[in-house]
Each structure stands twice: as structure tokens, then as C-alpha cells.
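Here is the structure we will look at, set down as C-alpha cells.
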Amino acid sequence: MTVHGFSPSGNCHKVRLLLEQLGRDYRWIETDSARGATRSPAYLAKNPNGKVPMLELDDGRVLVESNAILCWLAEGTAFLPHDPWARAQALSWMFFEQYSHETYIAVARFISGWTPIDSPRRADLPRLRERGHQALAVMERHLAQHPWFTGDAYGIADIALFAYTGVAPHGGIDLAGYPAIGDWLERVRRTPRFVAMPDPDPNAAALIAASS
């Protein structure tokens with residue numbers, strides 16, 4: 001299988017992390033969405049939404065949306081609960097990640113590191129950071145009583161939430177006030193075959209430093 005992904009993207013890193021932890025063979029095609037690589041006619045012919053990640057099978061089938069890819073890859077494995085209720089609980093956290101978490105924490109990170117310092121989008125940062133902290137507070141309450149989001153064990157809901165939570169400080173969202181989240185992040189990092197997201201390139205790192 002082939003993954004078209006942008007390495008600094010948390011949504012793309014989710015897919016890479018699960019593939020590595022499953023021990024699956026795959027080819028990675030670096031696709032710089034920040035520079036318009038997903039807007040080419042060839043790419044849009046496969047994914048009209050023009051986003052990464054995109055999973056492409058050898059038979060030509062294409063799957064998009066990071067959490068849908070996680071569900072498909074995890075089917076029949078320990079990363080996705082078999083019990084219907086536990087599975088639904090895991091999916092509920094994945095929906096939370098896309099609706100109440102990623103839309104604030106990931107967007108704050110993108111604006112901080114991948115838009116010019118004078119971008120008008122930076123006016124949105126205070127609101128995004130406030131809503132990001134609201135999402136983290138929900139996670140903190142859960143993690144004060146449960147070690148994982150996928151049920152009794154680590155799995156795809158944890159992968160989905162880990163990707164952008166672990167780099168929330170890039171968007172100016174401090175994690176110091178969330179001890180349970182901090183412990184959970186370390187548990188994820190200690191899972192077998194864990195791979196970290198690459199650090200931002202020097203230009204993005206400089207913008208992040210200037211945005212704090």
C-alpha cells in the first residue's frame with residue numbers, strides 16, 4: 001500500500017504510527033500540502049478533497065480521512081475493540097478528536113508554524129487556544145480515571161488523540177496544567193514500535209517560536 005502524507009501533519013502521522021506498530025509494509029510518498037502538492041490534477045483525480053493523508057492500494061482503491069484509515073487498518077487487530085460497546089466508545093473519542101480537538105489544537109499549530117507572521121489568520125489564535133484548552137480539560141477528566149481512550153488497552157483512539165495533543169505547545173497551548181495527559185503521552189511513547197513525529201523544519205520552528 002502507498003500513503004501520500006505530509007510528515008509534519010498530525011493527521012498523517014497517525015497513519016504512519018499505526019502502520020509501524022502493526023508492522024505493515026507500506027510506501028510513503030511525501031506530499032507537501034502546505035506548498036500545494038495536493039492540488040495537482042493527478043492528486044485531485046484520486047482525492048477530490050485535496051487533502052492528506054491518502055491511502056492507495058495496489059488495486060487502485062483509495063481511502064481518505066485519517067480516522068477512517070485508522071479504522072480500516074486496525075480492523076481485526078488489538079488496536080480496535082471487538083466488543084460493540086467498547087468499539088463505539090473508541091469511535092466516540094475519534095469523532096471528538098476531529099470535531100472538538102483537531103479543529104482548534106491542530107489549526108492553532110498550523111497558523112503558528114505555517115502562516116506568515118503578519119497573516120490575518122493569527123487573529124484567531126486566542127480563540128483557538130481557548131477552545132483547545134476546553135478539549136484538553138475533557139481529556140484530562142477522562143484520563144484521571146482511565147489509562148486509555150480505546151477501552152482497556154492502547155489503540156486507535158489513543159493514536160488519533162495523541163498526534164496533535166503531543167505537539168499542542170507548537171500552537172501556544174501549554175500542557176503543564178494537565179498531569180494526567182502528560183502521563184498518558186508518556187505511556188503512548190513507551191508503546192512498542194512507537195515513532196515520533198518529525199520536528200518542524202527550521203522555518204516553521206522559527207515561526208512557532210515567534211508565535212508563543
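Chain labels run A, B, ... following the order of the C-alpha cells; each chain numbers its residues from 1, and ligands are numbered from 1 in the order shown.
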
Check which residues of range 145-179 of chain A sit at most 10 Å from range 197-209 of chain A using only C-alpha atoms, and return one row each with the closest pair of atoms and their distance in Å to one decimal, ordered by chain and rising number, as a tab-separated table.
```
residue	atom	partner	partner_atom	distance
A:Ala163	CA	A:Met197	CA	8.0
A:Tyr164	CA	A:Met197	CA	9.8
A:Gly166	CA	A:Met197	CA	9.2
A:Val167	CA	A:Met197	CA	8.9
A:Pro169	CA	A:Ile208	CA	9.0
A:His170	CA	A:Ile208	CA	5.9
A:Gly171	CA	A:Ile208	CA	7.1
A:Gly172	CA	A:Ile208	CA	8.1
```

Atoms kept (N, CA, C and O atoms) for selection, written as a PDB file, in the first residue's frame:
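As written to disk, selection-v9.pdb reads:
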```
ATOM      1  N   ALA A 163      -1.721  12.431  18.317  1.00  0.00           N
ATOM      2  CA  ALA A 163      -0.979  13.090  17.239  1.00  0.00           C
ATOM      3  C   ALA A 163      -0.847  14.593  17.454  1.00  0.00           C
ATOM      4  O   ALA A 163       0.270  15.129  17.426  1.00  0.00           O
ATOM      5  N   TYR A 164      -1.962  15.279  17.670  1.00  0.00           N
ATOM      6  CA  TYR A 164      -1.883  16.725  17.841  1.00  0.00           C
ATOM      7  C   TYR A 164      -1.770  17.156  19.297  1.00  0.00           C
ATOM      8  O   TYR A 164      -1.280  18.248  19.579  1.00  0.00           O
ATOM      9  N   GLY A 166       0.263  15.845  21.495  1.00  0.00           N
ATOM     10  CA  GLY A 166       1.683  15.838  21.813  1.00  0.00           C
ATOM     11  C   GLY A 166       2.435  17.060  21.324  1.00  0.00           C
ATOM     12  O   GLY A 166       3.486  17.410  21.872  1.00  0.00           O
ATOM     13  N   VAL A 167       1.894  17.726  20.305  1.00  0.00           N
ATOM     14  CA  VAL A 167       2.557  18.915  19.761  1.00  0.00           C
ATOM     15  C   VAL A 167       1.716  20.177  19.987  1.00  0.00           C
ATOM     16  O   VAL A 167       1.940  21.203  19.351  1.00  0.00           O
ATOM     17  N   PRO A 169       1.870  22.395  22.246  1.00  0.00           N
ATOM     18  CA  PRO A 169       2.650  23.603  22.540  1.00  0.00           C
ATOM     19  C   PRO A 169       3.122  24.350  21.293  1.00  0.00           C
ATOM     20  O   PRO A 169       3.374  25.566  21.368  1.00  0.00           O
ATOM     21  N   HIS A 170       3.232  23.683  20.151  1.00  0.00           N
ATOM     22  CA  HIS A 170       3.594  24.382  18.918  1.00  0.00           C
ATOM     23  C   HIS A 170       2.576  25.465  18.583  1.00  0.00           C
ATOM     24  O   HIS A 170       2.901  26.455  17.926  1.00  0.00           O
ATOM     25  N   GLY A 171       1.335  25.275  19.004  1.00  0.00           N
ATOM     26  CA  GLY A 171       0.280  26.253  18.748  1.00  0.00           C
ATOM     27  C   GLY A 171       0.049  27.192  19.910  1.00  0.00           C
ATOM     28  O   GLY A 171      -0.947  27.918  19.930  1.00  0.00           O
ATOM     29  N   GLY A 172       0.964  27.183  20.884  1.00  0.00           N
ATOM     30  CA  GLY A 172       0.821  28.055  22.038  1.00  0.00           C
ATOM     31  C   GLY A 172      -0.126  27.534  23.085  1.00  0.00           C
ATOM     32  O   GLY A 172      -0.639  28.305  23.903  1.00  0.00           O
TER      33      GLY A 172
END
```

Original post:
Neighbours of range 136-146 of chain A within 10 Å (only C-alpha atoms; same-chain residues fewer than 5 positions away dropped), as a VMD selection string?
Top reply: chain A and resid 93 96 100 to 101 105 131 151 to 153 161 165 168 173 175 177 to 184

Original post:
Pick from A:Ala45, A:Phe149, A:Asp58, A:Glu186: nearest to Leu80 in chain A, with only C-alpha atoms counted?
Top reply: A:Phe149

Original post:
Which residue gives the smallest distance to Glu30 in chain A among A:Thr77, A:Ser66, A:Asn49, A:Ser9, with only C-alpha atoms counted?
Top reply: A:Ser9

**OP:** With a distance cut-off of 12 Å and only C-alpha atoms, select the neighbouring residues of Ala123 in chain A, excluding the residue or stretch itself and same-chain residues fewer than 6 positions from it, and output the selection as a PyMOL selection string.
**Re:** chain A and resi 108+111-112+115+117+129+211

Resulting file, chosen residues, N, CA and C atoms, as a CSV table (one decimal), in the first residue's frame:
```csv
chain,number,residue,atom,x,y,z
A,108,ALA,N,-4.4,25.8,15.5
A,108,ALA,CA,-3.6,26.8,16.1
A,108,ALA,C,-2.1,26.5,15.8
A,111,ILE,N,-1.4,27.6,12.1
A,111,ILE,CA,-1.3,29.0,11.9
A,111,ILE,C,0.0,29.5,12.5
A,112,SER,N,0.4,29.0,13.7
A,112,SER,CA,1.6,29.4,14.3
A,112,SER,C,2.9,29.1,13.5
A,115,THR,N,2.0,29.8,8.7
A,115,THR,CA,1.5,31.0,8.1
A,115,THR,C,2.4,32.2,8.4
A,117,ILE,N,4.1,35.7,9.7
A,117,ILE,CA,3.9,36.3,11.0
A,117,ILE,C,2.9,37.4,10.9
A,129,ARG,N,-6.9,28.8,20.9
A,129,ARG,CA,-6.2,28.3,22.1
A,129,ARG,C,-7.2,28.1,23.3
A,211,SER,N,5.6,32.9,17.7
A,211,SER,CA,4.1,33.0,17.9
A,211,SER,C,3.7,32.7,19.4
```

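Checking A:Leu70, A:Leu185, A:Ala196, A:Gly10 one by one against Thr103 in chain A, counting only C-alpha atoms, you find the shortest gap at A:Gly10.
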
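Counting from CA of Arg27 in chain A, the distance to CA of Tyr43 in chain A is 16.4 Å.
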
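Shortest separation to His133 in chain A among A:Gln98, A:Pro120, A:Pro147, A:Ala176 occurs at residue A:Ala176, atoms counted being only C-alpha atoms.
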
Original post:
Hey, what's within 8 Å of Ile159 in chain A if we count only C-alpha atoms and toss same-chain stuff fewer than 3 positions away? As number ranges by chain, please?
Top reply: A: 14, 17-18, 155-156, 162-163

Original post:
Please, what distance in Å, to one decimal, runs between CA of Ser40 in chain A and CA of Val62 in chain A?
Top reply: 16.5 Å

**OP:** Rank A:Asp32, A:Ser212, A:Arg87, A:Ser119 by their smallest atom-to-atom distance to Cys71 in chain A, using only C-alpha atoms, and report the top residue only.
**Re:**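 For Cys71 in chain A, the nearest of the candidates is A:Arg87.
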
Original post:
as a VMD selection string, which residues of range 9-208 of chain A does DSSP assign to helix (DSSP H, G or I)?
Top reply: chain A and resid 10 to 22 33 to 35 37 to 39 41 to 46 66 to 74 84 to 114 120 to 143 156 to 165 168 to 171 179 to 189 202 to 208
